[in-house]
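J.: I am attaching a structure below and will ask some questions about it afterwards.
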Amino acid sequence: MAKCGARTKTGGRCQRKVVTGTSRCRVHQGAWSAYGVAQRKEKEAQAKKRGIRGIRGIRKKR
């Protein structure tokens, strides 16, 4: 399995395994990576199907 390879605070390379479908580990991929954005959009779409506004579970006003 591939290694993350992101720069660490000490200047070396991260040796953690990558998350499937990305090039970084869970520590270094960040919230705004393509993977993180796709996951967020998927959750929002599922919430919309259930009739909930956003991820937090706020019900739509009728």
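Every chain in the structure tokens takes a letter, A first, then B, and so on in the order presented; its residues are numbered from 1, and the ligands are numbered from 1 following the presented order.
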Mind listing the alpha helix (DSSP H) residues of chain A, per DSSP on the backbone, as a PDB file with N, CA and C atoms, in the first residue's frame?
T.:
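Dumped to result29.pdb:
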```
ATOM      1  N   ALA A  34      -9.999  17.156  -2.231  1.00  0.00           N
ATOM      2  CA  ALA A  34     -11.054  16.666  -3.123  1.00  0.00           C
ATOM      3  C   ALA A  34     -11.837  15.546  -2.451  1.00  0.00           C
ATOM      4  N   TYR A  35     -11.152  14.687  -1.702  1.00  0.00           N
ATOM      5  CA  TYR A  35     -11.802  13.586  -1.001  1.00  0.00           C
ATOM      6  C   TYR A  35     -12.741  14.108   0.083  1.00  0.00           C
ATOM      7  N   GLY A  36     -12.278  15.082   0.870  1.00  0.00           N
ATOM      8  CA  GLY A  36     -13.098  15.651   1.940  1.00  0.00           C
ATOM      9  C   GLY A  36     -14.328  16.362   1.411  1.00  0.00           C
ATOM     10  N   VAL A  37     -14.173  17.101   0.330  1.00  0.00           N
ATOM     11  CA  VAL A  37     -15.293  17.817  -0.279  1.00  0.00           C
ATOM     12  C   VAL A  37     -16.308  16.817  -0.826  1.00  0.00           C
ATOM     13  N   ALA A  38     -15.841  15.758  -1.463  1.00  0.00           N
ATOM     14  CA  ALA A  38     -16.747  14.742  -2.004  1.00  0.00           C
ATOM     15  C   ALA A  38     -17.533  14.060  -0.887  1.00  0.00           C
ATOM     16  N   GLN A  39     -16.872  13.769   0.222  1.00  0.00           N
ATOM     17  CA  GLN A  39     -17.553  13.143   1.350  1.00  0.00           C
ATOM     18  C   GLN A  39     -18.628  14.073   1.926  1.00  0.00           C
ATOM     19  N   ARG A  40     -18.310  15.362   2.034  1.00  0.00           N
ATOM     20  CA  ARG A  40     -19.253  16.337   2.565  1.00  0.00           C
ATOM     21  C   ARG A  40     -20.470  16.477   1.647  1.00  0.00           C
ATOM     22  N   LYS A  41     -20.229  16.534   0.330  1.00  0.00           N
ATOM     23  CA  LYS A  41     -21.328  16.642  -0.630  1.00  0.00           C
ATOM     24  C   LYS A  41     -22.234  15.413  -0.566  1.00  0.00           C
ATOM     25  N   GLU A  42     -21.640  14.248  -0.396  1.00  0.00           N
ATOM     26  CA  GLU A  42     -22.419  13.021  -0.303  1.00  0.00           C
ATOM     27  C   GLU A  42     -23.322  13.050   0.938  1.00  0.00           C
ATOM     28  N   LYS A  43     -22.786  13.484   2.061  1.00  0.00           N
ATOM     29  CA  LYS A  43     -23.578  13.572   3.289  1.00  0.00           C
ATOM     30  C   LYS A  43     -24.709  14.585   3.149  1.00  0.00           C
ATOM     31  N   GLU A  44     -24.428  15.720   2.496  1.00  0.00           N
ATOM     32  CA  GLU A  44     -25.456  16.730   2.290  1.00  0.00           C
ATOM     33  C   GLU A  44     -26.563  16.213   1.384  1.00  0.00           C
ATOM     34  N   ALA A  45     -26.198  15.446   0.346  1.00  0.00           N
ATOM     35  CA  ALA A  45     -27.195  14.879  -0.561  1.00  0.00           C
ATOM     36  C   ALA A  45     -28.088  13.880   0.175  1.00  0.00           C
ATOM     37  N   GLN A  46     -27.502  13.069   1.035  1.00  0.00           N
ATOM     38  CA  GLN A  46     -28.273  12.113   1.814  1.00  0.00           C
ATOM     39  C   GLN A  46     -29.213  12.833   2.777  1.00  0.00           C
ATOM     40  N   ALA A  47     -28.738  13.899   3.399  1.00  0.00           N
ATOM     41  CA  ALA A  47     -29.560  14.675   4.314  1.00  0.00           C
ATOM     42  C   ALA A  47     -30.719  15.325   3.567  1.00  0.00           C
ATOM     43  N   LYS A  48     -30.462  15.801   2.361  1.00  0.00           N
ATOM     44  CA  LYS A  48     -31.502  16.437   1.558  1.00  0.00           C
ATOM     45  C   LYS A  48     -32.591  15.432   1.194  1.00  0.00           C
ATOM     46  N   LYS A  49     -32.184  14.200   0.887  1.00  0.00           N
ATOM     47  CA  LYS A  49     -33.153  13.151   0.574  1.00  0.00           C
ATOM     48  C   LYS A  49     -34.068  12.874   1.768  1.00  0.00           C
TER      49      LYS A  49
END
```
J.: Just checking: using only C-alpha atoms, which residue out of A:Met1, A:His28, A:Arg50, A:Ser33 ends up closest to Cys14 (chain A)?
T.: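 For Cys14 (chain A), the nearest of the given residues is A:His28.
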J.: Pick out each residue of chain A that DSSP on the backbone tags as strand (DSSP E); I need them as a ChimeraX atom specification.
T.: /A:52-53,58-59
J.: At what distance in Å, to one decimal, does CA of Trp32 (chain A) lie from CA of Arg13 (chain A)?
T.: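 Taking CA of Arg13 (chain A) as the start and CA of Trp32 (chain A) as the end point, the length is 20.9 Å.
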J.: Show which residues sit within 10 Å of Ser23 (chain A), as JSON, numbers by chain. Count only C-alpha atoms, and ignore same-chain residues fewer than 6 positions away.
T.: {"A": [2, 3, 4, 5, 6, 17, 29, 35]}
J.: To one decimal place in Å, what is the distance between CA of Gly51 (chain A) and CA of Gly21 (chain A)?
T.: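 Atom-to-atom, CA of Gly51 (chain A) and CA of Gly21 (chain A) are spaced 29.3 Å apart.
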